[in-house]
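File shown: final_33.csv. Contents: CSV, C-alpha atoms and all ligand atoms.
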chain,number,residue,atom,x,y,z
A,1,MET,CA,4.0,59.3,164.9
A,2,TRP,CA,4.4,63.1,165.0
A,3,SER,CA,3.2,65.3,167.8
A,4,ILE,CA,2.2,68.0,165.5
A,5,THR,CA,-0.5,70.7,165.9
A,6,ARG,CA,-4.0,70.4,164.6
A,7,HIS,CA,-3.0,73.3,162.4
A,8,VAL,CA,-0.3,71.3,160.7
A,9,CYS,CA,-2.6,68.2,160.5
A,10,ARG,CA,-5.0,70.4,158.5
A,11,ALA,CA,-2.1,71.6,156.5
A,12,GLN,CA,-1.3,68.0,155.6
A,13,LYS,CA,-4.7,67.5,154.0
A,14,ARG,CA,-4.8,70.8,152.2
A,15,THR,CA,-1.1,71.0,151.3
A,16,LEU,CA,-0.5,74.4,152.7
A,17,ALA,CA,2.5,74.8,150.3
A,18,THR,CA,0.0,75.1,147.5
A,19,GLU,CA,-2.4,77.2,149.6
A,20,ILE,CA,0.0,79.7,150.9
A,21,THR,CA,3.1,79.8,148.7
A,22,ARG,CA,1.7,79.1,145.3
A,23,ALA,CA,-1.8,80.6,145.2
A,24,MET,CA,-0.6,83.8,146.8
A,25,SER,CA,2.0,85.8,145.0
A,26,VAL,CA,5.0,86.0,147.3
A,27,GLN,CA,5.0,89.8,147.0
A,28,ASP,CA,1.6,89.9,148.6
A,29,ASP,CA,2.4,87.4,151.3
A,30,PRO,CA,3.2,89.2,154.6
A,31,ARG,CA,5.7,86.5,155.5
A,32,PHE,CA,8.1,87.8,152.9
A,33,ARG,CA,7.9,91.4,153.9
A,34,PRO,CA,10.9,92.5,155.9
A,35,MET,CA,10.4,92.1,159.6
A,36,PHE,CA,12.3,95.3,160.3
A,37,ASP,CA,14.1,97.3,157.7
A,38,GLU,CA,14.8,97.1,153.9
A,39,ASN,CA,18.2,96.9,152.3
A,40,PRO,CA,18.5,97.2,148.5
A,41,ASP,CA,21.7,95.1,148.5
A,42,ASN,CA,20.2,92.4,150.6
A,43,PRO,CA,16.7,91.3,149.7
A,44,LEU,CA,16.6,88.8,152.6
A,45,VAL,CA,17.3,91.0,155.5
A,46,HIS,CA,15.2,89.7,158.4
A,47,LYS,CA,13.0,87.7,156.0
A,48,HIS,CA,12.0,84.0,156.0
A,49,VAL,CA,13.4,81.8,153.2
A,50,LEU,CA,10.5,79.4,152.5
A,51,THR,CA,10.3,78.9,148.7
A,52,ALA,CA,12.3,79.2,145.5
A,53,GLN,CA,9.5,81.5,144.3
A,54,GLN,CA,10.9,84.3,146.5
A,55,PHE,CA,13.9,84.6,144.3
A,56,ASP,CA,13.9,86.4,141.0
A,57,ARG,CA,17.1,86.7,138.9
A,58,SER,CA,18.3,89.7,140.8
A,59,GLY,CA,17.7,88.0,144.1
A,60,ILE,CA,19.5,84.9,143.1
A,61,LEU,CA,22.5,86.8,141.8
A,62,LYS,CA,22.7,88.8,145.1
A,63,VAL,CA,22.8,85.6,147.1
A,64,MET,CA,25.4,84.1,144.7
A,65,LYS,CA,27.6,87.2,145.2
A,66,VAL,CA,27.7,86.7,148.9
A,67,ALA,CA,28.1,82.9,148.6
A,68,LYS,CA,31.2,83.5,146.3
A,69,GLU,CA,32.7,85.8,149.0
A,70,MET,CA,32.0,83.2,151.7
A,71,HIS,CA,33.6,80.5,149.5
A,72,ARG,CA,36.7,82.8,149.2
A,73,LEU,CA,36.8,83.6,152.9
A,74,ARG,CA,36.5,79.9,153.8
A,75,GLN,CA,39.6,79.2,151.7
A,76,THR,CA,41.7,81.7,153.6
A,77,GLY,CA,41.1,79.5,156.7
A,78,LYS,CA,40.8,82.6,158.9
A,79,PRO,CA,38.2,82.4,161.7
A,80,LEU,CA,35.2,84.7,160.9
A,81,LYS,CA,33.2,86.8,163.3
A,82,TYR,CA,30.2,87.9,161.3
A,83,ALA,CA,27.7,86.1,163.5
A,84,GLU,CA,29.4,86.4,166.8
A,85,GLY,CA,26.9,86.5,169.6
A,86,LYS,CA,24.1,85.1,167.3
A,87,ILE,CA,22.4,81.7,167.7
A,88,LEU,CA,20.9,79.4,165.1
A,89,ALA,CA,18.2,76.9,166.0
A,90,ASN,CA,18.3,73.7,164.0
A,91,LEU,CA,14.8,72.3,164.2
A,92,PHE,CA,14.7,69.0,162.3
A,93,TYR,CA,11.6,66.9,162.5
A,94,GLU,CA,12.9,64.6,159.7
A,95,PRO,CA,16.2,62.8,159.2
A,96,SER,CA,19.1,64.8,157.7
A,97,THR,CA,22.9,64.2,157.4
A,98,ARG,CA,24.0,67.1,155.2
A,99,THR,CA,21.5,69.9,155.6
A,100,ALA,CA,21.4,69.9,159.4
A,101,SER,CA,25.2,69.6,159.8
A,102,SER,CA,25.7,72.1,157.0
A,103,PHE,CA,23.5,74.7,158.7
A,104,ALA,CA,25.3,74.1,162.0
A,105,SER,CA,28.7,74.2,160.4
A,106,ALA,CA,27.8,77.4,158.5
A,107,MET,CA,26.7,79.2,161.7
A,108,MET,CA,29.8,78.1,163.5
A,109,LYS,CA,32.1,79.1,160.6
A,110,LEU,CA,30.5,82.5,160.9
A,111,GLY,CA,31.4,82.7,164.6
A,112,GLY,CA,27.9,82.0,165.9
A,113,GLN,CA,26.4,79.2,167.9
A,114,VAL,CA,23.8,76.5,167.4
A,115,ILE,CA,21.0,74.9,169.3
A,116,SER,CA,19.7,71.6,167.8
A,117,LEU,CA,16.2,70.2,168.4
A,118,ASP,CA,14.3,67.3,166.9
A,119,GLU,CA,11.0,65.5,167.5
A,120,MET,CA,12.7,63.3,170.2
A,121,THR,CA,14.3,66.1,172.2
A,122,SER,CA,11.6,68.9,171.8
A,123,SER,CA,8.4,69.4,173.7
A,124,SER,CA,6.5,68.4,170.5
A,125,LYS,CA,6.9,64.9,172.1
A,126,LYS,CA,4.7,66.2,175.0
A,127,GLY,CA,2.1,67.6,172.7
A,128,GLU,CA,3.3,71.2,172.3
A,129,THR,CA,1.9,72.9,169.2
A,130,MET,CA,4.3,73.9,166.4
A,131,ALA,CA,3.1,77.5,166.9
A,132,ASP,CA,4.2,77.5,170.6
A,133,THR,CA,7.5,75.8,169.8
A,134,LEU,CA,8.3,78.5,167.2
A,135,ARG,CA,7.2,81.3,169.5
A,136,THR,CA,9.5,79.9,172.2
A,137,ILE,CA,12.5,79.2,170.0
A,138,SER,CA,12.3,82.7,168.6
A,139,GLN,CA,13.0,84.0,172.1
A,140,TYR,CA,16.2,82.1,172.4
A,141,THR,CA,17.7,82.4,169.0
A,142,ASP,CA,18.3,84.7,166.0
A,143,VAL,CA,17.5,82.5,163.1
A,144,ILE,CA,15.7,79.1,162.7
A,145,ALA,CA,16.5,76.4,160.1
A,146,MET,CA,13.5,74.0,160.1
A,147,ARG,CA,12.7,70.7,158.4
A,148,HIS,CA,9.4,68.8,158.6
A,149,PRO,CA,7.9,65.8,156.8
A,150,VAL,CA,4.6,67.6,156.0
A,151,GLU,CA,4.5,69.7,152.8
A,152,GLY,CA,3.9,73.3,153.6
A,153,SER,CA,4.4,73.0,157.4
A,154,VAL,CA,7.5,75.1,157.5
A,155,GLY,CA,5.7,78.0,155.8
A,156,SER,CA,2.8,77.5,158.2
A,157,ALA,CA,5.0,77.4,161.3
A,158,ALA,CA,7.0,80.5,160.2
A,159,GLN,CA,3.9,82.6,160.8
A,160,TYR,CA,4.5,82.2,164.6
A,161,ALA,CA,8.2,82.9,164.5
A,162,THR,CA,9.5,86.4,165.2
A,163,ARG,CA,12.9,85.4,163.8
A,164,PRO,CA,13.7,84.5,160.2
A,165,VAL,CA,12.8,80.9,159.4
A,166,ILE,CA,14.7,79.0,156.7
A,167,ASN,CA,13.0,76.1,155.0
A,168,ALA,CA,15.4,73.2,155.2
A,169,GLY,CA,12.9,70.8,153.4
A,170,ASP,CA,9.2,70.4,153.9
A,171,GLY,CA,8.1,66.9,152.9
A,172,GLY,CA,7.8,66.5,149.1
A,173,GLY,CA,7.4,70.3,148.8
A,174,GLU,CA,10.5,72.4,148.5
A,175,HIS,CA,14.1,72.7,149.5
A,176,PRO,CA,15.0,76.2,148.5
A,177,THR,CA,18.5,76.3,150.1
A,178,GLN,CA,19.5,73.1,148.3
A,179,ALA,CA,18.3,74.7,145.0
A,180,LEU,CA,20.4,77.9,145.7
A,181,LEU,CA,23.4,75.8,146.5
A,182,ASP,CA,22.9,73.8,143.3
A,183,ILE,CA,22.9,77.1,141.3
A,184,PHE,CA,26.1,78.2,143.2
A,185,CYS,CA,27.7,74.8,142.4
A,186,ILE,CA,26.8,75.0,138.7
A,187,MET,CA,28.4,78.4,138.6
A,188,GLN,CA,31.5,77.1,140.3
A,189,GLU,CA,31.8,74.0,138.2
A,190,LEU,CA,31.2,75.6,134.8
A,191,HIS,CA,33.0,78.9,135.7
A,192,VAL,CA,30.0,81.1,134.8
A,193,ASP,CA,28.2,83.9,136.5
A,194,THR,CA,24.7,83.1,135.1
A,195,LEU,CA,22.9,79.9,133.9
A,196,ASP,CA,21.7,81.6,130.7
A,197,GLY,CA,21.8,79.3,127.7
A,198,LEU,CA,22.6,76.1,129.7
A,199,THR,CA,21.0,72.7,129.3
A,200,LEU,CA,20.2,70.8,132.5
A,201,THR,CA,19.0,67.2,132.7
A,202,LEU,CA,17.2,66.2,135.9
A,203,VAL,CA,16.8,62.4,136.3
A,204,GLY,CA,14.9,60.2,138.8
A,205,ASP,CA,12.1,60.9,141.2
A,206,LEU,CA,11.0,64.3,140.0
A,207,LYS,CA,7.6,63.9,141.6
A,208,HIS,CA,8.6,63.6,145.2
A,209,GLY,CA,12.1,65.2,145.0
A,210,ARG,CA,11.8,68.6,146.7
A,211,THR,CA,15.2,69.7,145.6
A,212,VAL,CA,14.3,69.5,141.9
A,213,HIS,CA,11.0,71.3,142.5
A,214,SER,CA,12.9,74.2,143.9
A,215,LEU,CA,15.8,74.1,141.4
A,216,ALA,CA,13.4,74.0,138.4
A,217,GLN,CA,11.6,77.1,139.8
A,218,LEU,CA,14.9,79.0,140.2
A,219,LEU,CA,15.8,78.3,136.5
A,220,GLY,CA,12.9,80.5,135.6
A,221,GLY,CA,15.2,83.4,136.6
A,222,PHE,CA,17.6,82.7,133.7
A,223,ASN,CA,17.3,83.1,129.9
A,224,GLY,CA,17.5,80.4,127.2
A,225,VAL,CA,17.7,77.5,129.7
A,226,THR,CA,16.7,74.0,128.4
A,227,LEU,CA,15.4,71.6,131.1
A,228,ASN,CA,15.2,67.9,130.3
A,229,CYS,CA,13.0,66.1,132.9
A,230,VAL,CA,13.8,62.4,132.7
A,231,ALA,CA,11.5,60.1,134.8
A,232,PRO,CA,8.9,57.4,134.3
A,233,SER,CA,5.5,59.1,133.9
A,234,ILE,CA,4.4,58.3,137.5
A,235,LEU,CA,7.5,60.1,138.9
A,236,GLN,CA,7.5,63.1,136.5
A,237,MET,CA,7.8,66.7,137.6
A,238,PRO,CA,4.5,68.0,139.0
A,239,ASP,CA,2.3,69.9,136.6
A,240,SER,CA,2.3,72.9,138.8
A,241,VAL,CA,6.1,73.3,138.4
A,242,ILE,CA,6.0,72.6,134.7
A,243,LYS,CA,3.2,75.2,134.2
A,244,GLN,CA,5.2,77.8,136.1
A,245,LEU,CA,8.3,77.0,133.9
A,246,GLN,CA,6.2,77.5,130.8
A,247,THR,CA,5.4,81.0,131.8
A,248,SER,CA,9.2,81.7,132.0
A,249,ASN,CA,11.8,81.3,129.3
A,250,VAL,CA,12.7,77.7,130.2
A,251,LYS,CA,12.3,75.1,127.4
A,252,VAL,CA,11.0,72.0,129.1
A,253,ASN,CA,11.4,68.5,127.6
A,254,ILE,CA,9.6,65.6,129.2
A,255,LEU,CA,11.5,62.3,128.6
A,256,GLU,CA,11.8,58.7,129.9
A,257,SER,CA,15.4,58.1,128.9
A,258,TYR,CA,18.5,60.3,129.0
A,259,THR,CA,20.5,58.5,126.3
A,260,GLU,CA,19.6,61.1,123.6
A,261,VAL,CA,20.0,64.2,125.7
A,262,MET,CA,23.1,63.4,127.7
A,263,PRO,CA,25.5,64.6,124.9
A,264,GLN,CA,23.9,68.1,125.0
A,265,SER,CA,23.8,68.4,128.8
A,266,ASP,CA,25.9,70.9,130.7
A,267,ILE,CA,24.5,69.6,134.0
A,268,PHE,CA,23.3,66.1,134.7
A,269,TYR,CA,21.4,66.1,138.0
A,270,MET,CA,20.6,62.7,139.4
A,271,THR,CA,18.2,62.0,142.2
A,272,ARG,CA,17.2,59.0,144.3
A,273,VAL,CA,13.7,57.5,144.3
A,274,GLN,CA,12.2,58.9,147.6
A,275,LYS,CA,11.2,55.7,149.3
A,276,GLU,CA,9.7,57.5,152.3
A,277,ARG,CA,7.2,59.3,150.1
A,278,PHE,CA,5.5,56.2,148.7
A,279,ALA,CA,2.3,54.9,150.2
A,280,THR,CA,3.5,51.2,150.0
A,281,ASP,CA,6.8,49.3,149.7
A,282,ALA,CA,5.4,47.6,146.6
A,283,GLU,CA,5.0,51.0,144.8
A,284,TYR,CA,8.5,51.9,145.7
A,285,GLU,CA,9.9,48.6,144.6
A,286,ALA,CA,8.3,49.0,141.2
A,287,CYS,CA,10.1,52.3,140.6
A,288,LYS,CA,13.5,51.8,142.1
A,289,GLY,CA,16.7,51.1,140.1
A,290,LEU,CA,15.3,52.4,136.8
A,291,TYR,CA,18.2,54.8,136.2
A,292,VAL,CA,21.8,54.1,137.1
A,293,LEU,CA,24.5,56.3,135.7
A,294,THR,CA,27.7,54.3,134.8
A,295,PRO,CA,31.2,55.3,133.7
A,296,GLY,CA,30.4,53.8,130.3
A,297,GLN,CA,27.5,56.2,129.8
A,298,MET,CA,29.8,59.1,130.7
A,299,THR,CA,31.7,58.7,127.5
A,300,SER,CA,28.9,60.4,125.5
A,301,ALA,CA,28.9,63.4,127.8
A,302,LYS,CA,30.6,66.8,127.2
A,303,ASP,CA,34.0,67.2,128.7
A,304,HIS,CA,32.8,70.0,131.0
A,305,MET,CA,29.5,68.4,132.0
A,306,ALA,CA,29.0,68.3,135.8
A,307,VAL,CA,27.3,65.4,137.4
A,308,MET,CA,25.3,66.5,140.5
A,309,HIS,CA,23.2,64.8,143.1
A,310,PRO,CA,21.6,66.3,146.3
A,311,LEU,CA,22.6,63.1,148.1
A,312,PRO,CA,22.1,60.6,149.7
A,313,ARG,CA,23.0,58.4,146.8
A,314,ILE,CA,21.4,54.9,146.9
A,315,ASP,CA,22.3,53.1,143.7
A,316,GLU,CA,21.6,55.7,141.0
A,317,ILE,CA,25.2,56.7,140.4
A,318,ASP,CA,27.6,53.8,140.1
A,319,VAL,CA,30.6,54.4,142.4
A,320,GLY,CA,32.9,54.0,139.4
A,321,VAL,CA,31.7,57.5,138.3
A,322,ASP,CA,33.2,59.0,141.5
A,323,LYS,CA,36.7,58.9,139.9
A,324,ASP,CA,35.5,60.9,136.9
A,325,PRO,CA,36.6,64.6,137.3
A,326,ARG,CA,33.1,65.6,136.2
A,327,ALA,CA,31.6,64.0,139.3
A,328,ALA,CA,30.7,67.1,141.2
A,329,TYR,CA,28.4,65.8,143.9
A,330,PHE,CA,30.9,66.0,146.8
A,331,ARG,CA,32.1,69.4,145.8
A,332,GLN,CA,28.4,70.3,145.7
A,333,VAL,CA,28.3,69.6,149.4
A,334,GLY,CA,31.1,72.1,150.0
A,335,CYS,CA,29.3,74.7,147.9
A,336,GLY,CA,26.3,74.1,150.3
A,337,LEU,CA,28.4,75.3,153.2
A,338,SER,CA,29.4,78.6,151.6
A,339,LEU,CA,25.8,79.1,150.4
A,340,ARG,CA,24.3,78.6,153.8
A,341,MET,CA,26.9,80.9,155.4
A,342,ALA,CA,25.7,83.5,152.9
A,343,LEU,CA,22.0,82.9,153.6
A,344,ILE,CA,22.4,83.0,157.4
A,345,SER,CA,24.4,86.3,157.2
A,346,MET,CA,21.9,87.8,154.8
A,347,VAL,CA,18.7,87.0,156.8
A,348,LEU,CA,20.5,88.3,159.9
A,349,GLY,CA,21.2,91.5,158.0
A,350,ILE,CA,25.0,91.2,158.5
A,351,PRO,CA,26.9,93.2,155.9
A,352,VAL,CA,29.6,90.9,154.3
B,1,LIG,N1,18.9,65.5,150.8
B,1,LIG,C1,17.9,65.9,149.9
B,1,LIG,C2,16.6,66.2,150.6
B,1,LIG,O1,16.6,66.4,151.8
B,1,LIG,C3,17.7,64.9,148.8
B,1,LIG,C4,17.1,63.5,149.2
B,1,LIG,O2,16.9,63.3,150.4
B,1,LIG,O3,17.0,62.7,148.3
B,1,LIG,O4,15.6,66.4,150.0

Any chance you could put this one into structure tokens?
Ligand code: ASP
Amino acid sequence: MWSITRHVCRAQKRTLATEITRAMSVQDDPRFRPMFDENPDNPLVHKHVLTAQQFDRSGILKVMKVAKEMHRLRQTGKPLKYAEGKILANLFYEPSTRTASSFASAMMKLGGQVISLDEMTSSSKKGETMADTLRTISQYTDVIAMRHPVEGSVGSAAQYATRPVINAGDGGGEHPTQALLDIFCIMQELHVDTLDGLTLTLVGDLKHGRTVHSLAQLLGGFNGVTLNCVAPSILQMPDSVIKQLQTSNVKVNILESYTEVMPQSDIFYMTRVQKERFATDAEYEACKGLYVLTPGQMTSAKDHMAVMHPLPRIDEIDVGVDKDPRAAYFRQVGCGLSLRMALISMVLGIPV
């Protein structure tokens, strides 16, 4: 189906995400060294954004500071010129509604421009290697947002880019920008500057959900966090993520039901069962529809609890919940715009 390089095909078998971003410490990985110059206020200047593991507490908080400022600037309604003369390439080899349009909108809100490519419109259709595509796109643009269905492929492709590459989702691997926007949304919803001491409940397909993989890893940057992972055992959070959390200060509870933990939760993060990641329809059918959040269940939740979802929603949140002021999932989308404006300006090295 995909005209991808032999390099990426090999990556599929060996899951390069594990090979490159997990086995090697990000500090040792040349892809995370600045391409040009260092800036103490901006840990991302001219760097790729490939994994949540790149972000320690201080890095997360620096991104949040810029996102907060972008959020404020957006509300003034004034046109911005931070990225005037700069071009973002949106390179999406997998479907996207929010992430692609959010990156494009973010770049345009910053005064920059956007080139969009997908597997139908790019030369990958003619058999061009991913390496050559990235080398070429780097000549035309200043920053590249890339999504691909193969886990680890964005990290692999980034080696060939001479511009910062932002991972916009690599198969069932990671989605670091979604996780950063989730942190920003949590801070906005709960009116806090840190996630220290919070209880988060993640529900659904935690095995294939790349957003929760990245979010869980970012939680390691905070103190006293409790993370309830609610899923049937076959869709539980991968052991690699759990092990990593155990080395941090996050208390992890593995559960199959959220009834008991909902009253203590500050954040209730629902996810869809990721149909496209199952080997057969029968396996998907056996897992779907297990969890559905209803208005009735919300009566046991805290008054300030925020319900989040990376979207798209299939059937896991009853539409009746939308009217509840605690339903934060569409405000979460707006937080994503401010956060991506922050990330684009940071990797471009633009002072905000
Ligand atoms: N939009 C998110 C993603 O790209 C969540 C999802 O698709 O379920 O991973």

List every residue of range 135-239 of chain A that has an atom at most 9 Å from any atom of range 301-320 of chain A, giving for each one its closest atom pair and the distance in Å to one decimal, counting only C-alpha atoms, sorted by chain and then by ascending residue number, as CSV.
residue,atom,partner,partner_atom,distance
A:Gln178,CA,A:Pro310,CA,7.4
A:Asp182,CA,A:Met308,CA,8.2
A:Cys185,CA,A:Met308,CA,8.8
A:Ile186,CA,A:Ala306,CA,7.6
A:Glu189,CA,A:Ala306,CA,6.8
A:Leu190,CA,A:His304,CA,7.0
A:Gly204,CA,A:Glu316,CA,8.4
A:Thr211,CA,A:Pro310,CA,7.3

Residues contacting ligand LIG 1 (chain B) - anything with an atom at most 10 Å away, using only C-alpha atoms and all ligand atoms - can you give me those as a ChimeraX atom specification?
/A:94-100,147,168-176,178,205,208-212,270-276,309-314

To one decimal place in Å, what is the distance between CA of Ala327 in chain A and CA of Tyr269 in chain A?
10.5 Å

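Distances to Leu80 in chain A were evaluated for A:Lys109, A:Ser101, A:Asp118, A:Arg57 using all atoms listed in the file, and the minimum falls at A:Lys109.
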
Could you check the closest approach to Gly336 in chain A for each of A:Ala106, A:Ile234, A:Met130, A:Leu200 and tell me which residue wins, using all atoms listed in the file?
A:Ala106

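Straight-line separation from CA of Pro43 in chain A to CA of Asp193 in chain A: 19.0 Å.
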